[in-house]
Every structure is written in C-alpha cells, then in structure tokens.
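Engineer: Sharing coords-v7.txt here; it has compact mmCIF, C-alpha atoms and all ligand atoms.
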# COMPACT_ATOMS: atom_id res chain seq x y z
CA MET X 7 93.92 105.68 60.27
CA THR X 8 91.21 107.52 58.42
CA LEU X 9 92.29 110.39 56.21
CA ILE X 10 90.13 113.45 56.76
CA ILE X 11 89.41 114.76 53.26
CA ASP X 12 87.49 118.03 53.01
CA CYS X 13 85.75 117.84 49.64
CA HIS X 14 84.80 121.51 49.50
CA GLY X 15 87.40 124.28 49.85
CA HIS X 16 87.86 127.47 47.85
CA TYR X 17 90.80 129.82 47.44
CA THR X 18 88.86 132.72 48.95
CA THR X 19 92.08 134.32 50.15
CA ALA X 20 93.91 134.67 46.81
CA PRO X 21 96.58 137.40 46.64
CA ALA X 22 95.28 140.92 46.04
CA ALA X 23 97.11 141.18 42.71
CA HIS X 24 94.96 138.33 41.38
CA ASN X 25 91.72 140.09 42.33
CA ASP X 26 93.05 143.44 41.10
CA TRP X 27 93.71 141.86 37.71
CA ARG X 28 90.11 140.68 37.56
CA GLU X 29 88.90 144.25 38.15
CA ALA X 30 91.25 145.49 35.42
CA GLN X 31 90.03 142.73 33.11
CA LYS X 32 86.41 143.74 33.66
CA ALA X 33 87.20 147.43 33.14
CA ALA X 34 89.08 146.65 29.94
CA PHE X 35 86.14 144.65 28.60
CA LYS X 36 83.80 147.55 29.36
CA ALA X 37 86.13 149.98 27.60
CA GLY X 38 86.52 147.64 24.64
CA GLU X 39 90.24 147.26 25.29
CA ALA X 40 92.56 144.31 25.75
CA PRO X 41 93.09 143.28 29.40
CA PRO X 42 96.49 143.97 31.00
CA ALA X 43 98.97 141.12 31.39
CA TYR X 44 98.37 138.86 34.39
CA PRO X 45 100.59 140.01 37.27
CA ALA X 46 103.57 138.13 38.66
CA ILE X 47 102.63 136.53 42.00
CA SER X 48 105.41 134.94 44.02
CA ASP X 49 105.25 131.53 45.67
CA ASP X 50 105.74 133.26 49.01
CA GLU X 51 102.64 135.38 48.50
CA ILE X 52 100.63 132.24 47.80
CA ARG X 53 102.14 130.47 50.81
CA GLU X 54 101.28 133.41 53.09
CA THR X 55 97.63 133.50 52.03
CA LEU X 56 97.23 129.75 52.50
CA GLU X 57 99.22 129.27 55.70
CA ALA X 58 97.43 132.09 57.53
CA ASN X 59 94.02 130.78 56.51
CA GLN X 60 93.12 127.43 54.97
CA ILE X 61 96.14 125.48 56.18
CA ARG X 62 96.00 126.96 59.69
CA LEU X 63 92.31 126.13 60.09
CA LEU X 64 92.71 122.71 58.48
CA LYS X 65 95.39 121.81 61.02
CA GLU X 66 93.56 123.35 63.98
CA ARG X 67 90.48 121.34 63.14
CA GLY X 68 92.29 118.09 62.50
CA ALA X 69 91.68 117.57 58.79
CA ASP X 70 94.35 116.25 56.43
CA MET X 71 93.57 117.68 53.04
CA THR X 72 91.19 119.79 50.98
CA ILE X 73 89.78 119.36 47.51
CA PHE X 74 90.50 122.91 46.45
CA SER X 75 88.95 125.13 43.80
CA PRO X 76 88.80 128.81 42.87
CA ARG X 77 86.62 131.16 44.88
CA ALA X 78 83.09 130.27 43.80
CA SER X 79 81.42 133.63 44.33
CA ALA X 80 84.05 135.26 42.11
CA MET X 81 83.62 132.90 39.13
CA ALA X 82 80.88 135.28 37.91
CA PRO X 83 80.35 133.76 34.46
CA HIS X 84 77.70 136.39 33.74
CA VAL X 85 80.39 139.08 33.58
CA GLY X 86 81.75 139.95 30.14
CA ASP X 87 81.65 137.37 27.39
CA GLU X 88 83.08 133.90 26.86
CA SER X 89 86.59 135.18 26.20
CA VAL X 90 86.52 137.09 29.51
CA SER X 91 85.35 133.95 31.31
CA ARG X 92 88.00 131.87 29.59
CA ALA X 93 90.88 134.15 30.60
CA TRP X 94 89.53 134.36 34.16
CA ALA X 95 89.09 130.59 34.44
CA ILE X 96 92.62 129.98 33.18
CA ALA X 97 94.05 132.54 35.65
CA ASN X 98 92.15 130.92 38.54
CA ASN X 99 92.90 127.35 37.61
CA ASP X 100 96.57 128.08 37.09
CA LEU X 101 96.66 129.65 40.55
CA ILE X 102 94.96 126.59 42.09
CA LYS X 103 97.54 124.41 40.32
CA ARG X 104 100.29 126.43 41.99
CA CYS X 105 98.65 125.93 45.42
CA ALA X 106 98.54 122.18 44.81
CA ASP X 107 102.15 122.16 43.61
CA LEU X 108 103.30 124.05 46.72
CA TYR X 109 101.34 121.77 49.08
CA PRO X 110 100.71 118.52 47.22
CA ASP X 111 99.80 116.64 50.39
CA ILE X 112 97.20 119.21 51.39
CA PHE X 113 95.48 120.47 48.25
CA ALA X 114 93.94 118.37 45.49
CA PRO X 115 92.99 120.71 42.64
CA VAL X 116 89.51 121.17 41.20
CA CYS X 117 88.86 123.62 38.36
CA MET X 118 86.26 126.23 37.55
CA LEU X 119 84.91 126.36 34.00
CA PRO X 120 84.84 129.23 31.51
CA GLN X 121 81.06 129.22 31.31
CA SER X 122 79.21 132.20 29.92
CA PRO X 123 75.44 132.70 29.44
CA ALA X 124 75.53 132.70 25.64
CA ALA X 125 78.26 130.07 25.25
CA ASP X 126 77.98 126.35 24.57
CA MET X 127 80.09 123.94 26.63
CA GLN X 128 83.02 123.57 24.20
CA GLY X 129 85.22 126.06 26.06
CA SER X 130 84.48 124.23 29.30
CA ILE X 131 85.32 120.89 27.70
CA ASP X 132 88.67 122.30 26.57
CA GLU X 133 89.45 123.79 29.98
CA LEU X 134 88.48 120.60 31.80
CA GLN X 135 90.83 118.62 29.58
CA ARG X 136 93.63 121.16 30.11
CA CYS X 137 93.17 121.01 33.88
CA VAL X 138 92.94 117.23 34.13
CA ASP X 139 96.13 117.06 32.06
CA MET X 140 97.69 119.20 34.83
CA GLY X 141 96.49 116.79 37.56
CA PHE X 142 93.09 118.21 38.49
CA ILE X 143 90.66 115.67 39.93
CA GLY X 144 87.27 117.33 39.33
CA CYS X 145 85.43 120.50 38.38
CA ASN X 146 82.79 122.92 39.58
CA LEU X 147 79.89 123.09 37.17
CA ASN X 148 77.62 126.14 37.34
CA PRO X 149 74.00 125.25 36.54
CA ASP X 150 73.09 128.96 36.22
CA PRO X 151 75.82 130.96 34.49
CA GLY X 152 73.36 133.85 34.26
CA GLY X 153 74.04 134.63 37.91
CA GLY X 154 70.63 134.24 39.50
CA ARG X 155 68.30 134.29 36.52
CA PHE X 156 67.91 130.51 36.22
CA SER X 157 67.55 130.85 32.46
CA SER X 158 69.89 127.98 31.50
CA PRO X 159 68.48 124.63 30.38
CA PRO X 160 68.02 122.08 33.16
CA LEU X 161 71.03 119.91 33.95
CA THR X 162 69.27 117.01 32.26
CA ASP X 163 69.06 118.88 28.94
CA ARG X 164 71.16 117.77 25.97
CA PHE X 165 72.85 121.17 26.08
CA TRP X 166 75.11 119.77 28.79
CA TYR X 167 75.70 116.33 27.25
CA PRO X 168 78.98 117.04 25.43
CA PHE X 169 80.42 118.20 28.73
CA TYR X 170 79.14 115.12 30.57
CA GLU X 171 80.73 112.93 27.88
CA LYS X 172 84.07 114.57 28.65
CA MET X 173 83.54 114.15 32.41
CA VAL X 174 82.82 110.46 31.93
CA GLU X 175 85.79 110.03 29.60
CA LEU X 176 88.11 111.68 32.14
CA ASP X 177 86.36 110.01 35.09
CA VAL X 178 85.98 113.24 37.06
CA PRO X 179 82.96 114.37 39.09
CA ALA X 180 81.48 117.86 39.19
CA MET X 181 80.37 119.84 42.17
CA ILE X 182 77.21 121.69 41.15
CA HIS X 183 78.08 125.20 42.26
CA VAL X 184 76.63 128.57 41.34
CA SER X 185 78.57 131.79 41.72
CA GLY X 186 77.75 135.32 42.80
CA SER X 187 74.18 136.55 42.49
CA CYS X 188 73.31 139.50 40.30
CA ASN X 189 69.70 139.27 41.45
CA PRO X 190 69.17 141.67 44.38
CA GLY X 191 66.45 139.37 45.71
CA LEU X 192 68.85 136.45 46.02
CA HIS X 193 71.53 136.71 48.67
CA ALA X 194 74.46 134.74 47.24
CA THR X 195 75.38 132.28 49.97
CA GLY X 196 72.13 132.40 51.97
CA ALA X 197 69.53 132.14 49.22
CA TYR X 198 71.08 131.61 45.79
CA TYR X 199 73.40 128.76 46.72
CA ILE X 200 70.80 126.82 48.65
CA ALA X 201 68.10 127.43 46.03
CA ALA X 202 70.39 126.29 43.21
CA ASP X 203 71.33 123.12 45.09
CA THR X 204 67.67 122.30 45.60
CA ILE X 205 66.73 123.17 42.02
CA ALA X 206 69.52 120.98 40.64
CA PHE X 207 68.28 117.98 42.61
CA MET X 208 64.70 118.44 41.39
CA GLN X 209 65.93 118.68 37.79
CA LEU X 210 67.68 115.36 38.24
CA ILE X 211 64.45 113.80 39.55
CA GLU X 212 62.46 115.11 36.59
CA GLY X 213 64.92 113.82 34.01
CA ASP X 214 66.59 110.50 33.28
CA LEU X 215 70.14 111.74 33.06
CA PHE X 216 71.81 108.82 34.79
CA LYS X 217 70.18 106.36 32.43
CA ASP X 218 72.25 108.02 29.71
CA PHE X 219 75.32 108.52 31.94
CA PRO X 220 75.34 105.74 34.55
CA THR X 221 78.82 106.69 35.82
CA LEU X 222 78.36 110.47 35.93
CA ARG X 223 78.81 111.84 39.45
CA PHE X 224 77.64 115.14 40.96
CA ILE X 225 78.25 116.56 44.39
CA ILE X 226 75.47 118.89 45.48
CA PRO X 227 77.09 121.09 48.10
CA HIS X 228 75.77 122.87 51.19
CA GLY X 229 74.27 119.64 52.47
CA GLY X 230 72.20 119.19 49.31
CA GLY X 231 70.34 122.47 49.84
CA ALA X 232 66.84 121.86 51.18
CA VAL X 233 66.72 118.30 49.88
CA PRO X 234 67.46 116.17 52.95
CA TYR X 235 65.04 118.20 55.09
CA HIS X 236 62.32 117.72 52.47
CA TRP X 237 63.25 114.14 51.56
CA GLY X 238 59.65 112.93 51.79
CA ARG X 239 58.56 115.63 49.34
CA TYR X 240 61.18 114.56 46.80
CA ARG X 241 60.44 110.87 47.18
CA GLY X 242 56.75 111.65 46.84
CA LEU X 243 57.30 113.81 43.77
CA ALA X 244 59.37 111.08 42.14
CA ASP X 245 56.47 108.74 42.76
CA MET X 246 53.93 111.20 41.31
CA LEU X 247 56.15 111.78 38.27
CA LYS X 248 56.26 107.99 37.73
CA LYS X 249 60.01 107.95 38.29
CA PRO X 250 61.81 105.02 39.89
CA ASP X 251 62.77 105.09 43.54
CA LEU X 252 65.36 107.81 44.18
CA ALA X 253 67.86 105.21 45.39
CA GLY X 254 68.36 103.98 41.83
CA HIS X 255 67.09 107.00 39.90
CA VAL X 256 69.46 109.59 41.40
CA MET X 257 71.36 108.43 44.44
CA ASN X 258 73.90 106.20 42.72
CA ASN X 259 75.24 109.38 41.14
CA VAL X 260 74.58 112.27 43.54
CA PHE X 261 76.41 113.09 46.74
CA PHE X 262 75.89 115.75 49.40
CA ASP X 263 78.56 117.46 51.48
CA THR X 264 78.34 118.35 55.17
CA CYS X 265 78.39 122.16 54.81
CA VAL X 266 75.31 122.61 56.97
CA TYR X 267 76.92 124.42 59.92
CA HIS X 268 75.04 123.08 62.92
CA GLN X 269 74.77 119.73 64.65
CA PRO X 270 71.02 119.09 64.26
CA GLY X 271 71.33 119.70 60.51
CA VAL X 272 74.20 117.25 60.12
CA ASN X 273 72.35 114.75 62.31
CA LEU X 274 69.36 115.01 59.97
CA LEU X 275 71.58 114.67 56.89
CA ALA X 276 73.17 111.48 58.20
CA ASP X 277 69.82 110.14 59.37
CA VAL X 278 67.94 110.74 56.11
CA ILE X 279 70.61 110.28 53.45
CA GLU X 280 72.52 107.03 53.11
CA ASN X 281 76.00 107.54 54.49
CA LYS X 282 77.50 106.32 51.20
CA ASN X 283 76.18 109.55 49.65
CA ILE X 284 77.74 111.96 52.16
CA LEU X 285 81.15 113.58 51.76
CA PHE X 286 82.82 115.56 54.50
CA GLY X 287 83.10 119.21 53.48
CA SER X 288 83.42 122.55 55.23
CA GLU X 289 83.62 125.19 52.48
CA MET X 290 86.34 126.78 54.53
CA VAL X 291 87.30 129.68 54.39
CA GLY X 292 83.94 130.49 52.96
CA ALA X 293 80.37 131.42 53.41
CA VAL X 294 79.98 131.64 57.17
CA ARG X 295 83.11 132.67 59.01
CA GLY X 296 81.97 133.46 62.55
CA ILE X 297 81.75 131.56 65.82
CA ASP X 298 78.46 130.05 66.93
CA PRO X 299 77.75 131.66 70.32
CA THR X 300 75.76 128.63 71.41
CA THR X 301 78.72 126.27 70.97
CA GLY X 302 81.76 128.54 71.07
CA HIS X 303 83.05 126.92 67.86
CA TYR X 304 83.23 128.11 64.29
CA PHE X 305 80.02 127.46 62.39
CA ASP X 306 82.03 125.95 59.53
CA ASP X 307 84.07 123.60 61.73
CA THR X 308 82.02 120.78 60.30
CA LYS X 309 84.39 117.98 61.31
CA ARG X 310 83.14 118.46 64.84
CA TYR X 311 79.57 117.65 63.76
CA VAL X 312 80.61 114.53 61.86
CA ASP X 313 82.70 113.39 64.84
CA ALA X 314 79.61 113.71 67.03
CA LEU X 315 77.29 111.72 64.73
CA ASP X 316 75.80 108.59 66.25
CA ILE X 317 76.95 106.33 63.41
CA SER X 318 79.35 103.40 63.08
CA GLU X 319 83.06 104.09 62.78
CA GLU X 320 82.87 102.46 59.37
CA ALA X 321 80.26 104.97 58.24
CA ARG X 322 82.26 107.85 59.67
CA ALA X 323 85.38 106.71 57.81
CA ALA X 324 83.34 106.58 54.60
CA ILE X 325 82.15 110.17 55.11
CA PHE X 326 85.66 111.40 55.88
CA GLU X 327 87.62 109.41 53.32
CA GLY X 328 86.13 106.45 51.50
CA ASN X 329 83.30 108.23 49.72
CA ALA X 330 85.60 111.01 48.49
CA ARG X 331 88.00 108.43 47.07
CA ARG X 332 85.12 106.68 45.33
CA VAL X 333 83.66 109.89 43.89
CA PHE X 334 87.10 111.25 42.88
CA PRO X 335 88.96 108.25 41.39
CA ARG X 336 91.84 110.51 40.38
CA LEU X 337 92.27 111.47 44.04
CA ASP X 338 92.23 107.81 45.00
CA ALA X 339 94.96 107.10 42.44
CA LEU X 340 96.98 110.05 43.70
CA LEU X 341 96.76 108.84 47.30
CA LYS X 342 97.53 105.25 46.36
CA GLY X 343 100.61 106.56 44.55
CA ARG X 344 101.72 107.96 47.91
CA GLY X 345 101.10 104.67 49.67
CA LEU X 346 97.88 105.94 51.31
ZN ZN X 401 81.55 126.40 47.72
Can you give me the file's structure in the form of structure tokens?
Structural biologist:
Amino acid sequence: MTLIIDCHGHYTTAPAAHNDWREAQKAAFKAGEAPPAYPAISDDEIRETLEANQIRLLKERGADMTIFSPRASAMAPHVGDESVSRAWAIANNDLIKRCADLYPDIFAPVCMLPQSPAADMQGSIDELQRCVDMGFIGCNLNPDPGGGRFSSPPLTDRFWYPFYEKMVELDVPAMIHVSGSCNPGLHATGAYYIAADTIAFMQLIEGDLFKDFPTLRFIIPHGGGAVPYHWGRYRGLADMLKKPDLAGHVMNNVFFDTCVYHQPGVNLLADVIENKNILFGSEMVGAVRGIDPTTGHYFDDTKRYVDALDISEEARAAIFEGNARRVFPRLDALLKGRGL
C-alpha cells in the first residue's frame, strides 16, 4: 500500500505560550533587554494543539504522515538581529522535535533557519547540523530574509554555497520558503509566497547552480508558484539565455508540491511537470483554510485532487510516497527502519 506523505505541513497551531514568548522576545530586543526565559509547555498542550488540528485533518483526509516544520509566516527573519533569529529558530525547532517525538509515525521534522538580513549563513549551517543530529530530515531555506524586499543575492550566488555544502554533506533537501511580508504591497500568502517561488525558479534558470552541486535538492512549494502555468515562457527563456534544456539544467534537482488548491491547477501541474518532480503537499493547516463552495471540500484538501488525476497508479504512488522518499533520503531511512 502506498504511504501518503504530505511534504508540506507547518505547526501553525503552536501553544499560545510559544507565541507569547516571541512577542516578549521582540519587545525585549526593542527595549535593549535580555529576553525572558522560554516558557514551560507540557506535552499535553502540544498534543491538544496537534490532535484538534493537523492530526484530525490528516486522518479525515486519509494521509499517513506530514513533513512538519515551524510556522513559516512567523519565521520573520527580518525581525531583530541574528541573535534574535537564532533564539527563535532554536525555540521553534525544539518544539517541532517534541511534536515528532510525541507522534513519530505522523511527523517527520524539518527545521527553520536562523537567517537574518545582515547575517552570513554560518548560524544556519550550525542550526542545520544541530537539527539533523536530532533526527531532522530537511530544512526550510528563506531566499528573502528581508521579508519582501528581495535584496538578498540570488540563490545561485556564492553567498549561499557554504550552506549548500552542508546540505549536500548531510544529504538533506531544502524547501524554498519565504516568511511574513513586511511590504504592504505584498500579501504574504497570496502574493509574496507565489512571487518568491517563481523568482527562485528563474534564478535557478539564470545560474548554473546544479553544475556545482549535482545532488542539491530544492522543493519549490505552492505548486512551483507561477512556473508550471508559464512553462513555455521558462523553457523559452532558458533557450534565449543559452542554457541547456530545463530537464537537465534544473529539473533533476527541483521539485514542486501540490499546494495549488483546485483541481484544474493540479491537473495542469501533473500535465506539464514530469510526475517524478511532484510531491504531494497540502500546507495544512495553513494559507487557505476555508471550504470551496463549488466543491463542498476544503481548498487545501489536496489529496482529493491527486486522487482524481488521470495518471497511472505508479505515477500517483510516486507523487504520494516515492518522490518524497527520494528527495528526503533521511525519511526513507527512517521508514525503512520501521519496515516500511
Ligand atoms: Zn508553507
């Protein structure tokens, strides 16, 4: 039987004390004071927030497990300085570790990074190592820690290389994922996320990153932003830029999830993008939480759309399970260790 692995879940329902601490941390930074101690949060509090939300929906929708990371919109690396980001990343990643320890069959942990606009990637390298040592299987890499200013070097720039070297050494992929927007013209989940996904893909076309890192793997979430819909534009641009065909130039290393939220969009994704490059994901509980009045089902119940795709059962199994195991070798090892 195929395992249904959701590659894109966030702890958007973390206990209030965790979020309160963040507010206190930010206030302390502003006042030039030390942040208060991180609060005690009981296992029961964590269980309650997960069982009423992610686990309930996961079971209702028939998925088996979620690759689980801290709430993306709250990463906010533009807030404070690197030490603020570091303490916040550690608090979040430790909390994700506790979720995975409480429900090891359901949650596979992925970390956020202590990025900060003026910081190099050393702090992120250290945190990635710390998290992988704790059993994490991947990370979320923010291509725009400025929070909507797009002032960071492109993902193909050598600025990022030390971090990629660590990713390759640890054999973990990164989901390219921005955080909250501090640009009033960019709605976070409606504009900023989708723009950043699209921008990241174009950066990868313009560069030659995977020549330097042939085993580096990125997941571009939210269905790859605008990319699949504009696939002809990107293939044509690669041609104009004298780049090789995208199949070898980018698509051995880049994967899209299924967080598109309607059937025609997922149909297009599966039609345009090779099924080996698609990972089932829902970003649940996340960006769009309502019910689609035209179907009567939750917009983010994306398993339903994948189930309805006119593809072979082999391709469907790859989208639900096989591709995730290939992109996240540490997940594959974990599952094999459980006889799966
Ligand atoms: Zn997300």
Engineer: Hey, what's within 10 Å of Ile205 (chain X) if we count all atoms listed in the file and toss same-chain stuff fewer than 3 positions away? As a PyMOL selection string, please?
Structural biologist: chain X and resi 149+156+160-161+199-202+208-211+230-233
Engineer: How close does chain X get to ligand ZN 401 (chain X)? List, as JSON lines, each residue of chain X within 9 Å, its nearest atom pair and the distance in Å to one decimal, counting all atoms listed in the file.
Structural biologist:
{"residue": "X:His14", "atom": "CA", "partner": "X:ZN401", "partner_atom": "ZN", "distance": 6.1}
{"residue": "X:Gly15", "atom": "CA", "partner": "X:ZN401", "partner_atom": "ZN", "distance": 6.6}
{"residue": "X:His16", "atom": "CA", "partner": "X:ZN401", "partner_atom": "ZN", "distance": 6.4}
{"residue": "X:Ser75", "atom": "CA", "partner": "X:ZN401", "partner_atom": "ZN", "distance": 8.5}
{"residue": "X:Arg77", "atom": "CA", "partner": "X:ZN401", "partner_atom": "ZN", "distance": 7.5}
{"residue": "X:Ala78", "atom": "CA", "partner": "X:ZN401", "partner_atom": "ZN", "distance": 5.7}
{"residue": "X:Ser79", "atom": "CA", "partner": "X:ZN401", "partner_atom": "ZN", "distance": 8.0}
{"residue": "X:Asn146", "atom": "CA", "partner": "X:ZN401", "partner_atom": "ZN", "distance": 8.9}
{"residue": "X:Met181", "atom": "CA", "partner": "X:ZN401", "partner_atom": "ZN", "distance": 8.7}
{"residue": "X:His183", "atom": "CA", "partner": "X:ZN401", "partner_atom": "ZN", "distance": 6.6}
{"residue": "X:Val184", "atom": "CA", "partner": "X:ZN401", "partner_atom": "ZN", "distance": 8.3}
{"residue": "X:Ser185", "atom": "CA", "partner": "X:ZN401", "partner_atom": "ZN", "distance": 8.6}
{"residue": "X:Thr195", "atom": "CA", "partner": "X:ZN401", "partner_atom": "ZN", "distance": 8.8}
{"residue": "X:Tyr199", "atom": "CA", "partner": "X:ZN401", "partner_atom": "ZN", "distance": 8.5}
{"residue": "X:Pro227", "atom": "CA", "partner": "X:ZN401", "partner_atom": "ZN", "distance": 6.9}
{"residue": "X:His228", "atom": "CA", "partner": "X:ZN401", "partner_atom": "ZN", "distance": 7.6}
{"residue": "X:Cys265", "atom": "CA", "partner": "X:ZN401", "partner_atom": "ZN", "distance": 8.8}
{"residue": "X:Ser288", "atom": "CA", "partner": "X:ZN401", "partner_atom": "ZN", "distance": 8.6}
{"residue": "X:Glu289", "atom": "CA", "partner": "X:ZN401", "partner_atom": "ZN", "distance": 5.3}
{"residue": "X:Met290", "atom": "CA", "partner": "X:ZN401", "partner_atom": "ZN", "distance": 8.3}
{"residue": "X:Gly292", "atom": "CA", "partner": "X:ZN401", "partner_atom": "ZN", "distance": 7.1}
{"residue": "X:Ala293", "atom": "CA", "partner": "X:ZN401", "partner_atom": "ZN", "distance": 7.7}
Engineer: I want to know what sits within 8 Å of region 8-13 of chain X, based on all atoms listed in the file, with residues of the same chain fewer than 4 positions away left out; could you give that as a list of chain:residue names?
Structural biologist: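 Using all atoms listed in the file, the neighbours found are X:Gly68, X:Ala69, X:Asp70, X:Met71, X:Thr72, X:Ile73, X:Phe74, X:Asp263, X:Leu285, X:Phe286, X:Gly287, X:Ser288, X:Ala323, X:Phe326, X:Glu327, X:Ala330.
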Engineer: Residues at most 12 Å from Gln135 (chain X), counting all atoms listed in the file, excluding those fewer than 3 positions away in the same chain, as a PDB file with C-alpha atoms, in the coordinates of the input?
Structural biologist:
ATOM      1  CA  VAL X 116      89.510 121.170  41.200  1.00  0.00           C
ATOM      2  CA  CYS X 117      88.860 123.620  38.360  1.00  0.00           C
ATOM      3  CA  MET X 118      86.260 126.230  37.550  1.00  0.00           C
ATOM      4  CA  LEU X 119      84.910 126.360  34.000  1.00  0.00           C
ATOM      5  CA  GLN X 128      83.020 123.570  24.200  1.00  0.00           C
ATOM      6  CA  GLY X 129      85.220 126.060  26.060  1.00  0.00           C
ATOM      7  CA  SER X 130      84.480 124.230  29.300  1.00  0.00           C
ATOM      8  CA  ILE X 131      85.320 120.890  27.700  1.00  0.00           C
ATOM      9  CA  ASP X 132      88.670 122.300  26.570  1.00  0.00           C
ATOM     10  CA  VAL X 138      92.940 117.230  34.130  1.00  0.00           C
ATOM     11  CA  ASP X 139      96.130 117.060  32.060  1.00  0.00           C
ATOM     12  CA  MET X 140      97.690 119.200  34.830  1.00  0.00           C
ATOM     13  CA  GLY X 141      96.490 116.790  37.560  1.00  0.00           C
ATOM     14  CA  PHE X 142      93.090 118.210  38.490  1.00  0.00           C
ATOM     15  CA  ILE X 143      90.660 115.670  39.930  1.00  0.00           C
ATOM     16  CA  GLY X 144      87.270 117.330  39.330  1.00  0.00           C
ATOM     17  CA  CYS X 145      85.430 120.500  38.380  1.00  0.00           C
ATOM     18  CA  PHE X 169      80.420 118.200  28.730  1.00  0.00           C
ATOM     19  CA  GLU X 171      80.730 112.930  27.880  1.00  0.00           C
ATOM     20  CA  LYS X 172      84.070 114.570  28.650  1.00  0.00           C
ATOM     21  CA  MET X 173      83.540 114.150  32.410  1.00  0.00           C
ATOM     22  CA  VAL X 174      82.820 110.460  31.930  1.00  0.00           C
ATOM     23  CA  GLU X 175      85.790 110.030  29.600  1.00  0.00           C
ATOM     24  CA  LEU X 176      88.110 111.680  32.140  1.00  0.00           C
ATOM     25  CA  ASP X 177      86.360 110.010  35.090  1.00  0.00           C
ATOM     26  CA  VAL X 178      85.980 113.240  37.060  1.00  0.00           C
TER      27      VAL X 178
END
Engineer: With only C-alpha atoms as the basis for distance, which of X:Gly254, X:Gly191, X:Gly229, X:Gly242 is at the shortest distance from His268 (chain X)?
Structural biologist: X:Gly229
Engineer: Find the spatial neighbours of region 41-49 of chain X, counting only C-alpha atoms, within a cut-off of 7 Å - ignore same-chain residues fewer than 6 positions away - and output them as a PDB file with C-alpha atoms, keeping the file's coordinate frame.
Structural biologist:
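Generated file (selection06.pdb):
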ATOM      1  CA  ALA X  23      97.110 141.180  42.710  1.00  0.00           C
ATOM      2  CA  TRP X  27      93.710 141.860  37.710  1.00  0.00           C
ATOM      3  CA  ALA X  30      91.250 145.490  35.420  1.00  0.00           C
ATOM      4  CA  GLN X  31      90.030 142.730  33.110  1.00  0.00           C
ATOM      5  CA  ALA X  34      89.080 146.650  29.940  1.00  0.00           C
TER       6      ALA X  34
END
Engineer: Using only C-alpha atoms, can you list as number ranges by chain the residues within 9 Å of (77.9, 116.4, 41.8)?
Structural biologist: X: 146-147, 179-183, 222-227, 259-262, 333
Engineer: Set the distance at 12 Å and use all atoms listed in the file: which residues neighbour Arg344 (chain X) once local chain neighbours fewer than 4 positions away are removed? I'd like the list as a VMD selection string.
Structural biologist: chain X and resid 110 to 111 337 to 340
Engineer: Could you check which residues have any atom within 6 Å of (67.0, 136.5, 41.9), counting all atoms listed in the file with coordinates taken straight from the file, and then list them as a PyMOL selection string?
Structural biologist: chain X and resi 154-155+189+191-192
Engineer: What gap, in Å, lies between CA of Lys248 (chain X) and CA of Asp277 (chain X)?
Structural biologist: 25.6 Å
Engineer: Go ahead and compute the interatomic distance for CA of Gly328 (chain X) and CA of Pro76 (chain X), in Å to one decimal.
Structural biologist: 24.1 Å
Engineer: Counting only C-alpha atoms, which residue out of X:Thr55, X:Gln269, X:Asn25, X:Thr204 sits closest to Thr300 (chain X)?
Structural biologist: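 Checking each candidate against Thr300 (chain X), we get X:Gln269 as the closest.
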Engineer: To one decimal place, how far is CA of Ser91 (chain X) from CA of Tyr109 (chain X) in Å?
Structural biologist: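 Atom-to-atom, CA of Ser91 (chain X) and CA of Tyr109 (chain X) are spaced 26.8 Å apart.
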Engineer: Here is a test: counting all atoms listed in the file, which residue of X:Asp218, X:Leu341, X:His24, X:Ser89 is nearest to Ile112 (chain X)?
Structural biologist: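 Result for the nearest residue to Ile112 (chain X): X:Leu341.
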Engineer: Nearest residue to Phe216 (chain X) out of X:Glu57, X:Asp163, X:Asp150, X:Glu39, using only C-alpha atoms?
Structural biologist: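 So, comparing all the options, the nearest one is X:Asp163.
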